[in-house]
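S.K.: Sharing a structure, written as structure tokens. Questions coming.
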Amino acid sequence: MMIVMQPDATADEVAAVVARLRGAGADVTVVTEGGRTVVSGTTEGRLQDEAPWKDLPGVERVVPSVRGGRRVGRGYRHEDTVVMVGDVPIGDGSLTIIAGPCAVESREQLLRTAGAVKAAGAHILRGDAFKPRTSPYTFQGLGKAGLECLAEARELTGMPFVAEVLDPRDVEMVASYADMIRIGARNMSNHALLREVGRQPKPVQLKRGRAATVEEWVDAAEYIYNEGNTRIVMVERGVRAFDPSVRNMLDISAVPLIEQRTHLPIVVDPSHAAGRRDLVPALAKAAVAAGADGIMVDVHPEPHEALVDGSQALRPEAFADLVGELQAVARAVGRRV
Ligand code: PEP
Ligand code: MN
């Protein structure tokens, strides 16, 4: 159990909570971060009840302990969480296909891509207005104008869209347009951003950090969940490895691991894993065979002209072929298609 103290809790109030937990037989840890103290105790069975703790002086709230230690864990909730993005489910036993350009580059490019992926069978559009680029001198995204294009594409195709947010100050604005918000790999450990998206109502895609263990990634989801937003979808996108043949090494084992350890849906992004389009179909099929709830794929009508990640984008025709193959694999492993 975690007892979150009020920001102005006194040392005596903290000490009283600690003493009481210890008196009940718990091992106690006290952490003060950003001016706020959290008292954690390894409590079991009889101590799970929050009632005796929440009215103690200085206590703001009580997060009950969970078997396996986390609220996103299977021990806390056995049934699978189904996340609705607009009217599209992720995690209900179907295969959800998310596709679109890495970045919104122009209205024309986005509308063309959106129409093509919709016709090929995609359910959700992807496209970013804020890009986390390695170099500050490369295209950073169109910002709000990009979100306006995405809203227009939603209007025209009926597909909800997901877009990345990079800055806690933009969360409210991005959430006012997007049907789903993405935390990118570079921000998986940005706790201020995780908390901020946890406090708004739109569903969240949480990408695995570039060198994050599965445990660290699940802890990042816990930051979002603890703020009240339980609509989280995990996205495996490969981890940094030693072989330059690929941009990142797709970790297929993350699919069954996330399924075992959490009740959250898991989606795989083979495009940002491979970094090259020739490998995307094989990785996508492997992910579906391993049990992924969805796939997120980069598609661009003119990949050689793309401002971002052209080398990994599928042309619309190749994407349409892939959707057919993914549906066959999904059927073979017992998914509803
Ligand atoms: C993306 O999906 O566009 C992206 C930037 O991916 P990642 O955060 O996985 O690098
Ligand atoms: Mn990209």
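As shown in the structure tokens, the chain order sets the letters A, B, ...; within each chain, residues go from 1, and ligands are also counted from 1 in the order they appear.
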For ligand 2, return the neighbouring residues as a ChimeraX atom specification (distance at most 9 Å; only C-alpha atoms and all ligand atoms).
M.R.: /A:101-103,128,131-133,271-272,275,298,308-310,312
S.K.: Going by DSSP on the backbone, which bits of region 25-267 of chain A are alpha helix (DSSP H)? Write them as an NGL selection string, please.
M.R.: :A and (51-54 or 107-120 or 144-157 or 171-177 or 191-198 or 214-226 or 254-261)
S.K.: Report, in Å to a single decimal, how far apart CA of Tyr225 (chain A) and CA of Val82 (chain A) are.
M.R.: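 Separation of CA of Val82 (chain A) and CA of Tyr225 (chain A): 14.3 Å.
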S.K.: If we count only C-alpha atoms and set the cut-off at 9 Å, which residues sit around Glu164 (chain A), ignoring sequence neighbours fewer than 4 positions away in its own chain? Please answer as number ranges by chain.
M.R.: A: 127-132, 174, 180-184, 205
S.K.: Could the residues in this selection be saved with N, CA, C and O atoms as a tab-separated table (two decimals), in the first residue's frame?
M.R.:
chain	number	residue	atom	x	y	z
A	127	GLY	N	-0.35	9.88	-37.32
A	127	GLY	CA	0.25	11.01	-38.01
A	127	GLY	C	0.63	12.02	-36.94
A	127	GLY	O	-0.20	12.34	-36.10
A	128	ASP	N	1.87	12.47	-36.95
A	128	ASP	CA	2.31	13.34	-35.87
A	128	ASP	C	2.46	14.79	-36.30
A	128	ASP	O	2.93	15.09	-37.40
A	129	ALA	N	2.08	15.65	-35.38
A	129	ALA	CA	2.23	17.09	-35.58
A	129	ALA	C	3.45	17.61	-34.82
A	129	ALA	O	3.95	18.70	-35.09
A	130	PHE	N	3.91	16.81	-33.86
A	130	PHE	CA	5.11	17.15	-33.09
A	130	PHE	C	6.05	15.95	-33.19
A	130	PHE	O	5.69	14.86	-32.77
A	131	LYS	N	7.22	16.14	-33.78
A	131	LYS	CA	8.14	15.02	-33.97
A	131	LYS	C	9.35	15.13	-33.05
A	131	LYS	O	9.98	16.19	-32.98
A	132	PRO	N	9.68	14.05	-32.37
A	132	PRO	CA	10.88	14.06	-31.53
A	132	PRO	C	12.10	13.72	-32.39
A	132	PRO	O	12.42	12.56	-32.58
A	174	VAL	N	-3.24	19.01	-27.53
A	174	VAL	CA	-3.24	17.82	-28.40
A	174	VAL	C	-4.47	16.96	-28.08
A	174	VAL	O	-5.15	16.46	-28.99
A	180	MET	N	-6.52	9.76	-29.45
A	180	MET	CA	-5.59	9.01	-28.63
A	180	MET	C	-4.26	9.76	-28.65
A	180	MET	O	-3.87	10.29	-29.70
A	181	ILE	N	-3.59	9.78	-27.50
A	181	ILE	CA	-2.32	10.50	-27.41
A	181	ILE	C	-1.19	9.49	-27.32
A	181	ILE	O	-1.35	8.45	-26.66
A	182	ARG	N	-0.07	9.78	-27.96
A	182	ARG	CA	1.05	8.85	-27.85
A	182	ARG	C	2.20	9.46	-27.06
A	182	ARG	O	2.56	10.63	-27.26
A	183	ILE	N	2.74	8.64	-26.16
A	183	ILE	CA	4.02	8.96	-25.52
A	183	ILE	C	5.05	8.17	-26.29
A	183	ILE	O	4.99	6.94	-26.37
A	184	GLY	N	6.00	8.86	-26.88
A	184	GLY	CA	7.01	8.21	-27.70
A	184	GLY	C	8.10	7.57	-26.86
A	184	GLY	O	8.22	7.81	-25.65
A	205	GLN	N	-1.27	5.82	-25.87
A	205	GLN	CA	-0.31	4.78	-26.32
A	205	GLN	C	0.99	5.06	-25.61
A	205	GLN	O	1.49	6.18	-25.67
S.K.: Which residue is closest to ligand 1? Choose from A:Gly141, A:Gly228, A:Pro256, A:Gly146 and count only C-alpha atoms and all ligand atoms.
M.R.: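 Once distances to ligand 1 are computed over only C-alpha atoms and all ligand atoms, the minimum belongs to A:Gly141.
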